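Data first, discussion second: the structure below is written as structure tokens.
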Amino acid sequence: MLLDNKTLLFCLMLMSGMMALSLSLVSRQGPREGLSGWAGALALESLVWILVAARGTIPDFYSILVANVLIVTAQGMKLAAIHEYRKLGFPLIRCLLPILLAIAVFAWLPYEDTAHRLACNSAILAVQFLLMLQALWNDDGSRSGNAWRMLFGATLLMIPLLVMRAIASLIGTVEFATPHSAIAPNPVQLLVFIGVIALSLLGSMGFILMIKERGDREIRTLAMTDPLTHVLNRRAFMDQAARHIAGAQRQHLPLALLMIDIDHFKRINDEYGHPAGDTVLVRITELLSAQLRGQDVIGRYGGEEFCVLLPATNEAGALALAEKLRREVESMRIEIGKHTISVTISLGVAAVRNLTAERRHCDLASMLQDADRALYLAKSKGRNRALPLNLGPETQPAVG
């Protein structure tokens, strides 16, 4: 045969070893959650395939008992790597129990009982892959990515492959005439090894790309988020607001914009220090965010100024929310060291009743300009108040 099990075992050993080496080198360059654990699992798998391929030339203790325990240990390390990637604790019980079971089973089974040994090995591994599937399924943050689908799909396909191997060994589909027949050429083992090569490669690539995708998401988040308050920064807010305005124009929906300024913020910095000012910014941002709907967009516009875009909301609804936010901030007390301080905010409200294609002047720049004018009016009238600047016809009852 051009393709036999020993050739495939050599391919598995080479592939696992090279990937383990590559991942080990990459993981040394910086924090890569779970990458070093996955590399260790691949290194163990490479050693397993060497031991299995050497069966008949080394004692059965190493090629059977040690090899089976090591392959189970490798899958436990992959499960631990997935948990580390998800920033969860080490799954001690889920990793340790299959290893202890493998030691007990393979120490008890006679070395020449190939059929039951293969069936037990397949069953234990199948349970481990089920545990990996559960850990992957619960990772809501990665489930939308293609890399997650690669790893989940490869892990899922391993289970029917192992079940087929267990059934074939028990019902005698494969003739195990000698103790070394587990690596002799036969259709079932050939198919299993081909499947393991393909799925191991696919799964490992999926795990590597999951880490890359999460890194890309974190970079995008950092680029869009204000580092202090963790709301959108000015650029990201402008981008999202422009999209909402374009959507409101297409659907002829009302829209409102709040511009918010913390009153006498410089006085807080001068009297209590800039760390106190940062605390005030964070607390007010948390309060504002807690009062908003899921579709509302909040961003730090600059310094102590914030903007809130309110889709499907007219002037009456925006004014009601603005007044609620003003009262909530006014009643809030902030602990600054030994001091307890209170702050107030001023709000400018700009709203349009109906954005249409004919009213193209109602873009983001014009709404920001009018909200800023309304904010200036609120501050000039004594601060701690919310005042409107209506861009459209007469207001109607609030939407939503």
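The way I read the labels, and the way they are meant: chains A, B, ... in the order of the structure tokens, residue 1 as the first residue of every chain, and ligand 1 as the first ligand shown, with later ones counted on from there.
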
Problem - Near-Gly303 of chain A list (12 Å; only C-alpha atoms; drop same-chain fewer than 2 positions) as number ranges by chain - result: A: 226, 228-229, 233-234, 260-263, 265-266, 269, 274, 277-278, 280-281, 299-301, 305-307

Handout entry: Every residue of segment 319-373 of chain A that DSSP places in strand (DSSP E or B), as a ChimeraX atom specification
Key = /A:334-336,339-341,345-352

Handout entry: Option closest in space to Asp140 of chain A, from A:Arg86, A:Gln291, A:Leu156, A:Asn121 [counting only C-alpha atoms]
Key =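 Selected residue with least distance to Asp140 of chain A: A:Arg86.
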
Exercise for the section: Identify which of the residues A:Gln128, A:Ser27, A:Met259, A:His83 lies closest to Leu96 of chain A, counting only C-alpha atoms when measuring atom-to-atom distances. Expected result: A:Gln128

Distance query segment 51-60 of chain A at most 7 Å, only C-alpha atoms, self and fewer than 4 positions along chain excluded, as a PDB file with N, CA and C atoms, in the first residue's frame:
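Contents of out.pdb, freshly written:
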ATOM      1  N   LYS A   6       1.543   3.123   9.560  1.00  0.00           N
ATOM      2  CA  LYS A   6       2.813   3.615  10.069  1.00  0.00           C
ATOM      3  C   LYS A   6       3.224   4.906   9.377  1.00  0.00           C
ATOM      4  N   LEU A   9       1.094   7.499  10.973  1.00  0.00           N
ATOM      5  CA  LEU A   9       1.595   7.795  12.317  1.00  0.00           C
ATOM      6  C   LEU A   9       2.809   8.716  12.255  1.00  0.00           C
ATOM      7  N   LEU A  47       4.763  12.616  20.942  1.00  0.00           N
ATOM      8  CA  LEU A  47       5.423  11.517  21.647  1.00  0.00           C
ATOM      9  C   LEU A  47       4.567  10.256  21.608  1.00  0.00           C
ATOM     10  N   ILE A  64       1.685   0.860  24.919  1.00  0.00           N
ATOM     11  CA  ILE A  64       0.253   0.705  25.191  1.00  0.00           C
ATOM     12  C   ILE A  64      -0.154   1.555  26.396  1.00  0.00           C
ATOM     13  N   ALA A  67       1.392   5.217  26.287  1.00  0.00           N
ATOM     14  CA  ALA A  67       0.851   5.949  25.126  1.00  0.00           C
ATOM     15  C   ALA A  67      -0.606   6.326  25.347  1.00  0.00           C
ATOM     16  N   TYR A 111      -2.463  -6.570  27.653  1.00  0.00           N
ATOM     17  CA  TYR A 111      -1.919  -5.881  26.489  1.00  0.00           C
ATOM     18  C   TYR A 111      -2.428  -6.474  25.181  1.00  0.00           C
ATOM     19  N   HIS A 180      -0.031  -6.597  17.781  1.00  0.00           N
ATOM     20  CA  HIS A 180       0.458  -5.403  17.092  1.00  0.00           C
ATOM     21  C   HIS A 180      -0.469  -4.973  15.962  1.00  0.00           C
TER      22      HIS A 180
END

Could you list, as a PDB file with N, CA and C atoms, in the first residue's frame, every residue within 7 Å of segment 69-74 of chain A, counting only C-alpha atoms and ignoring same-chain residues fewer than 6 positions away?
ATOM      1  N   ALA A  41       0.213  20.120  24.692  1.00  0.00           N
ATOM      2  CA  ALA A  41      -0.638  18.988  24.308  1.00  0.00           C
ATOM      3  C   ALA A  41      -0.179  18.390  22.981  1.00  0.00           C
ATOM      4  N   LEU A  44       2.945  16.317  23.524  1.00  0.00           N
ATOM      5  CA  LEU A  44       2.607  14.995  24.074  1.00  0.00           C
ATOM      6  C   LEU A  44       2.045  14.077  22.998  1.00  0.00           C
ATOM      7  N   GLU A  45       1.184  14.626  22.136  1.00  0.00           N
ATOM      8  CA  GLU A  45       0.617  13.805  21.061  1.00  0.00           C
ATOM      9  C   GLU A  45       1.716  13.295  20.135  1.00  0.00           C
ATOM     10  N   VAL A  48       3.245  10.420  21.708  1.00  0.00           N
ATOM     11  CA  VAL A  48       2.336   9.271  21.659  1.00  0.00           C
ATOM     12  C   VAL A  48       2.477   8.540  20.332  1.00  0.00           C
ATOM     13  N   PRO A  98     -10.365  11.755  33.747  1.00  0.00           N
ATOM     14  CA  PRO A  98     -10.083  10.882  32.588  1.00  0.00           C
ATOM     15  C   PRO A  98      -8.691  10.267  32.634  1.00  0.00           C
ATOM     16  N   ILE A  99      -7.706  11.017  33.157  1.00  0.00           N
ATOM     17  CA  ILE A  99      -6.345  10.471  33.236  1.00  0.00           C
ATOM     18  C   ILE A  99      -6.291   9.314  34.232  1.00  0.00           C
ATOM     19  N   ALA A 102      -7.983   6.357  32.702  1.00  0.00           N
ATOM     20  CA  ALA A 102      -7.138   5.723  31.692  1.00  0.00           C
ATOM     21  C   ALA A 102      -6.061   4.868  32.332  1.00  0.00           C
ATOM     22  N   ILE A 103      -5.442   5.363  33.395  1.00  0.00           N
ATOM     23  CA  ILE A 103      -4.420   4.575  34.088  1.00  0.00           C
ATOM     24  C   ILE A 103      -5.011   3.283  34.626  1.00  0.00           C
ATOM     25  N   LEU A 125     -11.675   9.238  25.188  1.00  0.00           N
ATOM     26  CA  LEU A 125     -11.387  10.407  24.360  1.00  0.00           C
ATOM     27  C   LEU A 125     -12.669  11.104  23.919  1.00  0.00           C
TER      28      LEU A 125
END

Handout entry: Polymer residues at most 8 Å from segment 141-149 of chain A, only C-alpha atoms, same-chain spacing of 2 or more positions, as a PyMOL selection string
Key = chain A and resi 136-137+139+151-153+205-207+209-210+213-214

Problem - atom CA of Gly34 of chain A to atom CA of Ile197 of chain A, straight-line distance in Å - result: 21.4 Å

Exercise for the section: Determine which residues of segment 94-226 of chain A DSSP labels as alpha helix (DSSP H) from the backbone of this structure, then write them out as a ChimeraX atom specification. Expected result: /A:94-108,114-137,146-171,187-224

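Atom CA of Leu21 of chain A to atom CA of Cys95 of chain A spans 23.2 Å [interatomic distance, one decimal].
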
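Each of A:Met15, A:Val352, A:Ala322, A:Ile298 was checked against His252 of chain A using only C-alpha atoms; the smallest atom-to-atom distance is that of A:Val352.
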